[in-house]
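So this block is upload-v6.txt, compact mmCIF, C-alpha atoms:
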# COMPACT_ATOMS: atom_id res chain seq x y z
CA MET O 555 -8.82 -9.37 -21.49
CA GLU O 556 -11.65 -6.91 -22.16
CA ASP O 557 -10.69 -3.25 -22.51
CA LEU O 558 -12.48 -1.86 -19.46
CA LYS O 559 -12.05 1.73 -20.58
CA GLN O 560 -14.33 0.97 -23.53
CA ILE O 561 -17.29 -0.04 -21.35
CA MET O 562 -17.37 3.26 -19.43
CA PRO O 563 -19.62 5.70 -21.28
CA LYS O 564 -18.60 8.54 -18.95
CA LYS O 565 -15.59 9.07 -16.67
CA LEU O 566 -17.48 10.09 -13.50
CA GLY O 567 -18.44 7.42 -10.96
CA PHE O 568 -20.89 7.86 -8.08
CA GLY O 569 -19.10 7.04 -4.82
CA CYS O 570 -21.53 5.87 -2.12
CA MET O 571 -19.36 6.55 0.92
CA ARG O 572 -20.70 10.04 1.69
CA LEU O 573 -24.40 9.81 0.82
CA PRO O 574 -26.97 12.42 1.91
CA VAL O 575 -28.16 11.68 5.44
CA ALA O 576 -31.05 12.78 7.64
CA ASN O 577 -30.65 14.34 11.09
CA GLY O 578 -26.85 14.20 10.87
CA ASN O 579 -26.96 10.43 11.40
CA SER O 580 -24.56 8.59 9.05
CA GLU O 581 -26.72 5.44 9.23
CA GLU O 582 -29.93 7.29 8.30
CA ILE O 583 -29.51 7.80 4.57
CA ASP O 584 -31.96 10.26 3.02
CA ASP O 585 -33.54 8.03 0.37
CA ALA O 586 -35.58 10.80 -1.22
CA VAL O 587 -32.50 12.92 -1.91
CA PHE O 588 -30.41 9.91 -2.93
CA CYS O 589 -33.12 8.83 -5.44
CA ARG O 590 -33.23 12.30 -6.98
CA MET O 591 -29.44 12.33 -7.28
CA ILE O 592 -29.40 8.90 -8.92
CA ASP O 593 -32.09 9.96 -11.39
CA ARG O 594 -30.24 13.12 -12.40
CA TYR O 595 -26.96 11.20 -12.70
CA MET O 596 -28.49 8.43 -14.84
CA GLU O 597 -30.43 10.84 -17.06
CA GLN O 598 -27.12 12.30 -18.21
CA GLY O 599 -25.62 8.98 -19.25
CA PHE O 600 -23.57 8.15 -16.14
CA VAL O 601 -23.80 4.53 -14.96
CA TYR O 602 -21.16 3.56 -12.36
CA PHE O 603 -21.91 3.20 -8.63
CA ASP O 604 -19.30 2.30 -6.02
CA THR O 605 -20.29 0.99 -2.60
CA ALA O 606 -18.57 -1.09 0.10
CA TYR O 607 -19.37 -3.25 3.11
CA PRO O 608 -18.42 -0.70 5.82
CA TYR O 609 -19.76 2.50 4.20
CA HIS O 610 -22.29 4.36 6.36
CA ASN O 611 -21.80 1.77 9.09
CA GLN O 612 -22.90 -1.01 6.72
CA LYS O 613 -25.99 0.86 5.46
CA SER O 614 -24.72 2.01 2.06
CA GLU O 615 -25.30 -1.30 0.25
CA GLU O 616 -28.92 -1.43 1.40
CA ALA O 617 -29.48 2.17 0.29
CA VAL O 618 -28.12 1.25 -3.14
CA ARG O 619 -30.66 -1.59 -3.31
CA ARG O 620 -33.60 0.64 -2.37
CA CYS O 621 -32.73 3.68 -4.43
CA LEU O 622 -30.97 2.18 -7.45
CA VAL O 623 -31.44 -1.58 -7.88
CA GLU O 624 -35.18 -1.66 -7.12
CA ARG O 625 -35.86 1.31 -9.40
CA TYR O 626 -33.77 0.56 -12.52
CA ASP O 627 -33.27 -2.43 -14.82
CA ARG O 628 -30.05 -4.24 -13.89
CA GLU O 629 -28.52 -3.74 -17.34
CA ARG O 630 -28.73 0.04 -17.02
CA PHE O 631 -26.01 0.49 -14.41
CA LEU O 632 -22.60 -0.83 -13.33
CA LEU O 633 -22.26 -1.72 -9.65
CA ALA O 634 -19.01 -2.11 -7.72
CA ASP O 635 -18.64 -3.56 -4.23
CA LYS O 636 -15.64 -4.54 -2.10
CA MET O 637 -14.51 -7.43 0.08
CA PRO O 638 -13.54 -6.19 3.60
CA VAL O 639 -10.45 -8.39 3.81
CA TRP O 640 -9.68 -7.32 7.40
CA LEU O 641 -12.80 -9.24 8.54
CA VAL O 642 -11.79 -12.49 6.86
CA GLN O 643 -10.25 -15.43 8.72
CA ASN O 644 -10.88 -18.27 6.25
CA MET O 645 -12.49 -19.24 2.94
CA GLU O 646 -15.92 -19.60 4.56
CA ASP O 647 -15.80 -15.92 5.56
CA TYR O 648 -15.31 -14.86 1.94
CA SER O 649 -18.39 -16.78 0.88
CA GLU O 650 -20.54 -15.59 3.77
CA ILE O 651 -19.64 -11.91 3.31
CA PHE O 652 -20.04 -12.06 -0.46
CA GLU O 653 -23.52 -13.64 -0.21
CA ARG O 654 -24.50 -11.00 2.34
CA GLN O 655 -23.36 -8.24 -0.01
CA LEU O 656 -25.33 -9.63 -2.92
CA ALA O 657 -28.43 -9.80 -0.71
CA ARG O 658 -27.97 -6.32 0.70
CA CYS O 659 -27.57 -4.89 -2.79
CA GLY O 660 -30.40 -7.02 -4.21
CA VAL O 661 -28.36 -8.27 -7.16
CA THR O 662 -27.16 -11.63 -8.48
CA TYR O 663 -23.77 -10.34 -9.67
CA PHE O 664 -21.38 -7.41 -9.32
CA ASP O 665 -19.97 -5.73 -12.41
CA PHE O 666 -16.80 -4.76 -10.54
CA TYR O 667 -15.59 -6.39 -7.35
CA LEU O 668 -12.58 -5.24 -5.35
CA PHE O 669 -10.47 -6.35 -2.44
CA HIS O 670 -10.88 -3.33 -0.18
CA ALA O 671 -7.97 -1.12 1.01
CA MET O 672 -5.17 -3.51 0.15
CA ASN O 673 -1.59 -3.10 1.30
CA LYS O 674 1.39 -5.46 1.44
CA THR O 675 0.27 -7.14 4.68
CA ARG O 676 -3.34 -7.59 3.57
CA VAL O 677 -2.27 -9.06 0.25
CA GLU O 678 -0.22 -11.69 2.06
CA GLU O 679 -3.16 -12.50 4.36
CA THR O 680 -5.55 -12.69 1.40
CA GLU O 681 -3.23 -15.11 -0.36
CA LYS O 682 -3.08 -17.34 2.72
CA THR O 683 -6.86 -17.39 3.20
CA GLY O 684 -7.61 -18.13 -0.46
CA GLY O 685 -9.16 -14.80 -1.38
CA PHE O 686 -7.71 -14.56 -4.87
CA ALA O 687 -8.93 -18.06 -5.72
CA PHE O 688 -12.37 -17.18 -4.34
CA VAL O 689 -12.95 -14.12 -6.55
CA GLN O 690 -11.70 -15.98 -9.61
CA ARG O 691 -14.22 -18.74 -8.89
CA MET O 692 -17.00 -16.16 -8.51
CA LYS O 693 -15.97 -14.66 -11.84
CA THR O 694 -16.05 -18.06 -13.51
CA GLU O 695 -19.57 -18.56 -12.13
CA GLY O 696 -20.68 -15.20 -13.55
CA ARG O 697 -21.26 -13.61 -10.14
CA ILE O 698 -18.43 -11.12 -10.69
CA ARG O 699 -17.73 -9.57 -14.09
CA HIS O 700 -14.39 -7.85 -13.34
CA ILE O 701 -11.98 -8.21 -10.41
CA GLY O 702 -9.56 -5.67 -8.94
CA PHE O 703 -8.56 -3.98 -5.71
CA SER O 704 -8.34 -0.61 -4.01
CA PHE O 705 -4.87 0.20 -2.74
CA HIS O 706 -3.14 2.22 0.00
CA ASP O 707 0.57 1.49 0.12
CA THR O 708 3.84 2.08 -1.72
CA ALA O 709 4.45 1.81 -5.45
CA GLU O 710 6.87 -1.03 -4.70
CA ALA O 711 4.11 -3.00 -2.94
CA LEU O 712 1.73 -2.30 -5.84
CA GLU O 713 4.23 -3.64 -8.36
CA GLU O 714 4.57 -6.83 -6.32
CA ILE O 715 0.79 -7.40 -6.41
CA LEU O 716 0.44 -6.75 -10.13
CA LYS O 717 3.41 -8.95 -10.93
CA ASN O 718 2.09 -11.86 -8.84
CA HIS O 719 -1.59 -11.46 -9.71
CA PRO O 720 -2.04 -10.80 -13.45
CA GLU O 721 -5.71 -11.76 -13.02
CA MET O 722 -6.33 -8.34 -11.46
CA GLU O 723 -8.09 -6.29 -14.16
CA PHE O 724 -8.04 -2.83 -12.56
CA VAL O 725 -6.77 -0.95 -9.52
CA GLN O 726 -8.36 1.87 -7.51
CA LEU O 727 -5.82 4.50 -6.42
CA GLN O 728 -5.86 7.74 -4.46
CA ILE O 729 -4.90 10.35 -7.02
CA ASN O 730 -5.18 14.12 -6.82
CA TYR O 731 -2.91 16.99 -7.74
CA TYR O 732 -1.98 17.67 -4.11
CA ASP O 733 -0.80 14.08 -3.51
CA TRP O 734 0.70 13.55 -6.98
CA GLU O 735 4.31 13.93 -5.77
CA SER O 736 3.64 12.97 -2.13
CA GLU O 737 6.12 10.44 -0.75
CA ASN O 738 3.46 9.35 1.69
CA VAL O 739 0.61 8.67 -0.79
CA GLN O 740 2.84 8.10 -3.87
CA SER O 741 0.06 8.93 -6.34
CA ARG O 742 2.32 9.42 -9.35
CA LYS O 743 4.53 6.43 -8.62
CA CYS O 744 1.55 4.10 -8.14
CA TYR O 745 -0.13 5.42 -11.29
CA GLU O 746 3.04 4.77 -13.28
CA VAL O 747 3.29 1.20 -11.96
CA ALA O 748 -0.30 0.51 -13.03
CA GLN O 749 0.42 2.01 -16.44
CA LYS O 750 3.57 -0.13 -16.78
CA TYR O 751 1.48 -3.30 -16.27
CA GLY O 752 -1.33 -2.12 -18.53
CA VAL O 753 -3.83 -2.11 -15.65
CA PRO O 754 -6.45 0.67 -15.91
CA VAL O 755 -7.01 2.94 -12.92
CA ILE O 756 -10.13 4.04 -11.07
CA VAL O 757 -9.41 7.19 -9.07
CA MET O 758 -10.60 7.68 -5.49
CA GLU O 759 -10.23 10.84 -3.40
CA PRO O 760 -9.69 13.17 -6.39
CA VAL O 761 -10.72 16.11 -4.19
CA LYS O 762 -8.85 14.75 -1.14
CA GLY O 763 -11.93 14.25 1.00
CA GLY O 764 -13.35 17.64 -0.06
CA THR O 765 -10.20 19.56 0.85
CA LEU O 766 -9.42 20.66 -2.71
CA ALA O 767 -12.99 21.87 -3.12
CA ASN O 768 -12.73 24.31 -0.20
CA MET O 769 -9.55 26.30 -0.66
CA THR O 770 -8.86 29.81 0.60
CA GLY O 771 -6.22 32.51 0.15
CA ARG O 772 -3.88 32.69 -2.81
CA PRO O 773 -4.59 29.13 -4.10
CA ALA O 774 -8.27 30.01 -4.35
CA GLU O 775 -7.47 33.29 -6.10
CA ILE O 776 -5.36 31.52 -8.74
CA LEU O 777 -8.21 29.23 -9.73
CA LYS O 778 -10.80 32.01 -9.63
CA GLU O 779 -8.63 34.06 -11.99
CA LEU O 780 -8.83 31.15 -14.46
CA SER O 781 -12.61 31.10 -14.36
CA PRO O 782 -14.83 32.78 -11.77
CA GLU O 783 -17.65 30.32 -12.54
CA ALA O 784 -15.75 27.01 -12.32
CA SER O 785 -15.77 25.20 -8.98
CA PHE O 786 -12.50 24.28 -7.29
CA ALA O 787 -13.65 20.64 -7.35
CA SER O 788 -13.92 20.73 -11.14
CA TYR O 789 -10.18 21.29 -11.57
CA ALA O 790 -9.33 18.46 -9.16
CA ILE O 791 -11.66 15.93 -10.80
CA ARG O 792 -10.68 16.91 -14.33
CA TYR O 793 -6.99 16.70 -13.34
CA ALA O 794 -7.45 13.04 -12.40
CA ALA O 795 -9.70 12.27 -15.37
CA SER O 796 -7.15 13.77 -17.78
CA LEU O 797 -4.61 11.05 -17.03
CA GLU O 798 -4.34 8.64 -19.97
CA ASN O 799 -4.68 5.38 -18.01
CA VAL O 800 -7.61 6.54 -15.85
CA MET O 801 -10.89 4.95 -16.87
CA LEU O 802 -13.06 6.49 -14.15
CA VAL O 803 -12.96 9.09 -11.36
CA LEU O 804 -15.10 8.51 -8.29
CA SER O 805 -16.77 11.42 -6.54
CA GLY O 806 -18.40 10.94 -3.14
CA MET O 807 -21.29 13.30 -3.82
CA SER O 808 -23.27 14.02 -0.67
CA ASP O 809 -25.78 16.57 -1.91
CA GLU O 810 -27.60 17.55 -5.08
CA GLN O 811 -25.52 20.67 -5.70
CA GLN O 812 -22.30 18.66 -5.76
CA LEU O 813 -23.86 16.26 -8.24
CA ILE O 814 -25.11 19.09 -10.47
CA ASP O 815 -21.64 20.62 -10.48
CA ASN O 816 -19.78 17.34 -11.11
CA THR O 817 -22.02 16.15 -13.92
CA ALA O 818 -22.01 19.56 -15.63
CA TYR O 819 -18.30 19.42 -16.49
CA MET O 820 -18.00 15.61 -16.77
CA ARG O 821 -20.99 15.08 -19.08
CA GLU O 822 -18.87 16.16 -22.05
CA PHE O 823 -15.46 15.70 -20.49
CA ARG O 824 -12.70 18.04 -21.60
CA PRO O 825 -9.12 17.34 -20.43
CA LEU O 826 -7.21 20.15 -18.75
CA ASP O 827 -5.51 22.53 -21.15
CA GLU O 828 -2.00 23.93 -20.70
CA ARG O 829 -3.24 27.12 -19.04
CA GLU O 830 -5.21 25.12 -16.47
CA ARG O 831 -2.28 22.77 -15.80
CA ALA O 832 0.00 25.74 -15.21
CA ALA O 833 -2.50 27.25 -12.76
CA ILE O 834 -2.74 23.99 -10.81
CA ALA O 835 1.07 23.81 -10.67
CA ARG O 836 1.06 27.30 -9.14
CA VAL O 837 -1.59 26.24 -6.62
CA VAL O 838 0.60 23.31 -5.56
CA GLU O 839 3.58 25.67 -5.22
CA GLU O 840 1.56 28.05 -3.07
CA LEU O 841 0.39 25.22 -0.81
CA ALA O 842 3.95 23.89 -0.49
CA ALA O 843 5.25 27.36 0.47
CA MET O 844 2.92 27.71 3.45
CA PRO O 845 4.42 27.50 6.98
CA THR O 846 3.79 23.83 7.55
CA ILE O 847 5.74 21.54 9.88
CA ALA O 848 8.70 20.11 7.93
CA CYS O 849 8.11 16.53 9.03
CA THR O 850 9.32 13.84 6.61
CA LYS O 851 7.30 11.06 8.32
CA CYS O 852 10.36 8.90 9.01
CA ARG O 853 8.55 7.89 12.24
CA TYR O 854 11.73 7.61 14.32
CA CYS O 855 9.99 9.75 16.94
CA VAL O 856 7.05 7.37 17.39
CA GLU O 857 8.80 4.29 18.71
CA GLY O 858 10.01 5.75 22.00
CA CYS O 859 7.02 7.97 22.77
CA PRO O 860 5.66 6.88 26.19
CA LYS O 861 2.20 8.26 25.34
CA LYS O 862 2.08 6.58 21.89
CA ILE O 863 1.34 9.85 20.08
CA PRO O 864 1.32 9.27 16.28
CA ILE O 865 3.44 12.40 15.86
CA PRO O 866 3.90 12.40 12.04
CA ASP O 867 0.18 11.80 11.51
CA VAL O 868 -0.99 14.63 13.78
CA PHE O 869 1.62 16.91 12.19
CA GLU O 870 0.13 16.08 8.79
CA ASP O 871 -3.36 16.88 10.11
CA TYR O 872 -2.05 20.21 11.42
CA ASN O 873 -0.41 20.99 8.06
CA MET O 874 -3.75 20.46 6.34
CA THR O 875 -5.28 23.17 8.56
CA VAL O 876 -2.46 25.55 7.62
CA GLN O 877 -3.03 24.99 3.93
CA PHE O 878 -6.80 24.61 3.77
CA GLY O 879 -8.18 25.94 7.04
CA ILE O 880 -9.75 23.93 9.85
CA ASN O 881 -12.64 21.84 8.55
CA GLU O 882 -14.46 18.60 9.24
CA THR O 883 -12.14 16.64 6.94
CA ASN O 884 -8.98 17.41 8.91
CA ARG O 885 -10.82 17.27 12.24
CA GLY O 886 -12.05 13.80 11.32
CA SER O 887 -8.57 12.72 10.28
CA TYR O 888 -7.15 13.95 13.61
CA ARG O 889 -9.84 12.06 15.53
CA ARG O 890 -9.03 8.85 13.64
CA HIS O 891 -5.29 9.21 14.18
CA THR O 892 -5.75 9.78 17.92
CA ALA O 893 -8.62 7.36 18.54
CA ASP O 894 -6.42 5.16 20.73
CA GLY O 895 -5.69 8.01 23.11
CA GLY O 896 -2.47 9.44 21.69
CA SER O 897 -3.69 12.99 21.16
CA ALA O 898 -1.24 15.89 21.04
CA ASP O 899 -2.38 17.26 24.41
CA VAL O 900 -1.21 14.18 26.35
CA CYS O 901 2.46 14.96 25.63
CA ILE O 902 4.49 14.95 28.90
CA ARG O 903 7.41 16.85 27.30
CA CYS O 904 9.95 14.12 28.01
CA GLY O 905 11.87 15.03 24.85
CA LYS O 906 12.64 11.49 23.67
CA CYS O 907 11.13 12.30 20.28
CA GLU O 908 13.37 15.30 19.68
CA GLY O 909 16.47 13.20 20.25
CA GLN O 910 15.36 10.90 17.43
CA CYS O 911 14.30 13.54 14.86
CA PRO O 912 16.69 13.84 11.87
CA GLN O 913 15.08 17.20 11.04
CA HIS O 914 15.77 18.52 14.59
CA LEU O 915 12.19 19.73 14.93
CA PRO O 916 11.05 21.26 18.27
CA ILE O 917 8.45 18.51 18.51
CA ARG O 918 7.27 19.30 22.06
CA ASP O 919 6.43 22.90 21.19
CA LEU O 920 4.86 21.87 17.89
CA LEU O 921 2.59 19.39 19.67
CA VAL O 922 1.31 22.25 21.83
CA LYS O 923 0.40 24.08 18.62
CA VAL O 924 -1.34 20.97 17.27
CA ALA O 925 -3.28 20.49 20.51
CA GLU O 926 -4.45 24.13 20.46
CA THR O 927 -5.55 23.83 16.83
CA PHE O 928 -7.67 20.74 17.41
CA ALA O 929 -8.99 21.64 20.88
CA GLU O 930 -12.72 20.87 20.96
Could I get this file's structure written as structure tokens?
Amino acid sequence: MEDLKQIMPKKLGFGCMRLPVANGNSEEIDDAVFCRMIDRYMEQGFVYFDTAYPYHNQKSEEAVRRCLVERYDRERFLLADKMPVWLVQNMEDYSEIFERQLARCGVTYFDFYLFHAMNKTRVEETEKTGGFAFVQRMKTEGRIRHIGFSFHDTAEALEEILKNHPEMEFVQLQINYYDWESENVQSRKCYEVAQKYGVPVIVMEPVKGGTLANMTGRPAEILKELSPEASFASYAIRYAASLENVMLVLSGMSDEQQLIDNTAYMREFRPLDERERAAIARVVEELAAMPTIACTKCRYCVEGCPKKIPIPDVFEDYNMTVQFGINETNRGSYRRHTADGGSADVCIRCGKCEGQCPQHLPIRDLLVKVAETFAE
């Protein structure tokens, strides 16, 4: 199998999930700005672009065609796209979606092709519907160069996939220094599983949706003491890129300044030194010491809630505001978690949740605090 790390000239990938938009409309991508960003990125020797079927409400792939594919020779860049497995019912769906993606992007093949947002359940469904056989056939026909998957589940589930599907050439994982030891995200454990199987890693969310780029208080002071000029994002991206088995780190750059910053320190990549690692460890300690809700996400409280409030999830959203301040990232996460109506302010104070909580948290009072924090 080809050593994928050898075909990446630089370790920074251009994520096309948060492209520059006009008039605040996520479907109205600003082509002029996107073209300038692509040009600056390519001029410095970077080549990898990552898009997906649902990005920008299905407009990202077309923007990639207009701003990248129609302006550069195909051999000059590497393009990754993803199969939205949750939309697939049968083998015909795989073919139809794949052909649509090729047309939207204006290409005849994808350099990297991923099953999108896989977990244990989706892997089982993909096996039943013939997805793994489909991508292997597309690879044999030269329409896919390399096959892999992006992943959001436990390290145990990841090991099961890699053991059963040795044809997978790479995996895309959420890795950042905040989530490295998280029992929820399991960044370190998943990374170690990939390393055990010799499968190279592409990193997504290295800045945790922008959160690690916008710190305040003592964590911000620690990094500024290291270097007043360096951006907070630079430490997060270099942290991920410093890992031995990481071949690429994706950054969802949404404006020219972010791209200028990212490419400046990734053009001639330098791994973190011991002083920088020690500073990041102190930042993590500071974040962990903040007065967050001590929820372990066992989810015992959720089952009996008559209002179906996703209590551990909204507690996590609240904790992010404590550590990083209220911002659009944690507001957006709260909106997604409560999209089905289970927002913190619908609590009727029945107390069933508190009877189930092993941590004996005053959940009813804490939900009031969450509701006040996210009140629009």
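Closest to Phe568 of chain O among O:Phe703, O:Phe631, O:Phe652, O:Tyr872 is O:Phe631, based on all atoms listed in the file.
Atom CA of Lys906 of chain O lies 6.5 Å from atom CA of Gly858 of chain O.
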Contacts of Arg903 of chain O at 10 Å or less, counting all atoms listed in the file, minus same-chain residues fewer than 3 places along, as number ranges by chain?
O: 859, 900, 906-908, 917-919, 921-922
Could you list, as a PDB file with C-alpha atoms, in the coordinates of the input, every residue within 8 Å of segment 601-604 of chain O, counting all atoms listed in the file and ignoring same-chain residues fewer than 4 positions away?
ATOM      1  CA  MET O 562     -17.370   3.260 -19.430  1.00  0.00           C
ATOM      2  CA  PRO O 563     -19.620   5.700 -21.280  1.00  0.00           C
ATOM      3  CA  LYS O 564     -18.600   8.540 -18.950  1.00  0.00           C
ATOM      4  CA  LEU O 566     -17.480  10.090 -13.500  1.00  0.00           C
ATOM      5  CA  GLY O 567     -18.440   7.420 -10.960  1.00  0.00           C
ATOM      6  CA  PHE O 568     -20.890   7.860  -8.080  1.00  0.00           C
ATOM      7  CA  GLY O 569     -19.100   7.040  -4.820  1.00  0.00           C
ATOM      8  CA  CYS O 570     -21.530   5.870  -2.120  1.00  0.00           C
ATOM      9  CA  TYR O 595     -26.960  11.200 -12.700  1.00  0.00           C
ATOM     10  CA  MET O 596     -28.490   8.430 -14.840  1.00  0.00           C
ATOM     11  CA  ARG O 630     -28.730   0.040 -17.020  1.00  0.00           C
ATOM     12  CA  PHE O 631     -26.010   0.490 -14.410  1.00  0.00           C
ATOM     13  CA  LEU O 632     -22.600  -0.830 -13.330  1.00  0.00           C
ATOM     14  CA  LEU O 633     -22.260  -1.720  -9.650  1.00  0.00           C
ATOM     15  CA  ALA O 634     -19.010  -2.110  -7.720  1.00  0.00           C
ATOM     16  CA  ASP O 635     -18.640  -3.560  -4.230  1.00  0.00           C
ATOM     17  CA  LEU O 804     -15.100   8.510  -8.290  1.00  0.00           C
TER      18      LEU O 804
END
Which of O:Tyr745, O:Phe686, O:Phe666, O:Phe869 sits closest to Gln728 of chain O [using only C-alpha atoms]:
O:Tyr745
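Closest approach to Tyr793 of chain O from the set O:Cys744, O:Val639, O:Ala671, O:Ile729 is made by O:Ile729, with distances taken over all atoms listed in the file.
Interatomic distance, atom CA of Glu681 of chain O against atom CA of Leu641 of chain O: 14.3 Å.
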Exercise: Leu920 of chain O partners within 10 Å, only C-alpha atoms, chain neighbours under 4 positions left out, as a list of chain:residue names
O:Ile847, O:Ile865, O:Phe869, O:Tyr872, O:Ala898, O:Leu915, O:Pro916, O:Val924, O:Ala925, O:Glu926
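Using all atoms listed in the file, the protein and nucleic acid residues lying at most 8 Å from the point (-30.1, -5.6, -4.0) are O:Glu615, O:Glu616, O:Val618, O:Arg619, O:Arg620, O:Val623, O:Glu624, O:Leu656, O:Ala657, O:Arg658, O:Cys659, O:Gly660, O:Val661.
Taking atom CA of Arg697 of chain O and atom CA of Lys674 of chain O as endpoints, the distance between them is 26.7 Å.
For segment 766-775 of chain O, the non-local neighbours within 8 Å, defined as residues at least 5 positions apart in the same chain or in other chains and counting only C-alpha atoms, are Val761, Ser785, Phe786, Ala787, Ala790, Arg836, Val837, Val838, Glu840, Leu841, Phe878 and Gly879 of chain O.
Considering all atoms listed in the file, the residue among O:Leu573, O:Asp899, O:Lys717, O:Asn730 positioned nearest to Lys750 of chain O is O:Lys717.
With distances restricted to only C-alpha atoms, O:Glu581 is the closest residue to Ala617 of chain O from O:Glu581, O:Glu746, O:Glu679, O:Glu735.
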So which one's closest to Tyr819 of chain O, O:Met807, O:Met672, O:Val876, O:Ala784? Using all atoms listed in the file, please.
O:Ala784
Please return, as a PyMOL selection string, all polymer residues that have at least one atom within 12 Å of the point (-8.6, 7.6, -11.6); use all atoms listed in the file and the file's own coordinate frame.
chain O and resi 559+565-567+704+724-731+734+741-742+744-745+748-749+753-761+790-805
What would the file look like if the residues just selected were written as a short mmCIF file (atom, residue, chain, number, x, y, z; two decimals), keeping the file's coordinate frame with C-alpha atoms?
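Produced file again-v1.cif, reproduced below:
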data_model
loop_
_atom_site.label_atom_id
_atom_site.label_comp_id
_atom_site.auth_asym_id
_atom_site.auth_seq_id
_atom_site.Cartn_x
_atom_site.Cartn_y
_atom_site.Cartn_z
CA LYS O 559 -12.05 1.73 -20.58
CA LYS O 565 -15.59 9.07 -16.67
CA LEU O 566 -17.48 10.09 -13.50
CA GLY O 567 -18.44 7.42 -10.96
CA SER O 704 -8.34 -0.61 -4.01
CA PHE O 724 -8.04 -2.83 -12.56
CA VAL O 725 -6.77 -0.95 -9.52
CA GLN O 726 -8.36 1.87 -7.51
CA LEU O 727 -5.82 4.50 -6.42
CA GLN O 728 -5.86 7.74 -4.46
CA ILE O 729 -4.90 10.35 -7.02
CA ASN O 730 -5.18 14.12 -6.82
CA TYR O 731 -2.91 16.99 -7.74
CA TRP O 734 0.70 13.55 -6.98
CA SER O 741 0.06 8.93 -6.34
CA ARG O 742 2.32 9.42 -9.35
CA CYS O 744 1.55 4.10 -8.14
CA TYR O 745 -0.13 5.42 -11.29
CA ALA O 748 -0.30 0.51 -13.03
CA GLN O 749 0.42 2.01 -16.44
CA VAL O 753 -3.83 -2.11 -15.65
CA PRO O 754 -6.45 0.67 -15.91
CA VAL O 755 -7.01 2.94 -12.92
CA ILE O 756 -10.13 4.04 -11.07
CA VAL O 757 -9.41 7.19 -9.07
CA MET O 758 -10.60 7.68 -5.49
CA GLU O 759 -10.23 10.84 -3.40
CA PRO O 760 -9.69 13.17 -6.39
CA VAL O 761 -10.72 16.11 -4.19
CA ALA O 790 -9.33 18.46 -9.16
CA ILE O 791 -11.66 15.93 -10.80
CA ARG O 792 -10.68 16.91 -14.33
CA TYR O 793 -6.99 16.70 -13.34
CA ALA O 794 -7.45 13.04 -12.40
CA ALA O 795 -9.70 12.27 -15.37
CA SER O 796 -7.15 13.77 -17.78
CA LEU O 797 -4.61 11.05 -17.03
CA GLU O 798 -4.34 8.64 -19.97
CA ASN O 799 -4.68 5.38 -18.01
CA VAL O 800 -7.61 6.54 -15.85
CA MET O 801 -10.89 4.95 -16.87
CA LEU O 802 -13.06 6.49 -14.15
CA VAL O 803 -12.96 9.09 -11.36
CA LEU O 804 -15.10 8.51 -8.29
CA SER O 805 -16.77 11.42 -6.54
#
With a distance cut-off of 8 Å and only C-alpha atoms, select the neighbouring residues of Tyr667 of chain O, excluding the residue or stretch itself and same-chain residues fewer than 5 positions from it, and output the selection as number ranges by chain.
O: 634-637, 698-703
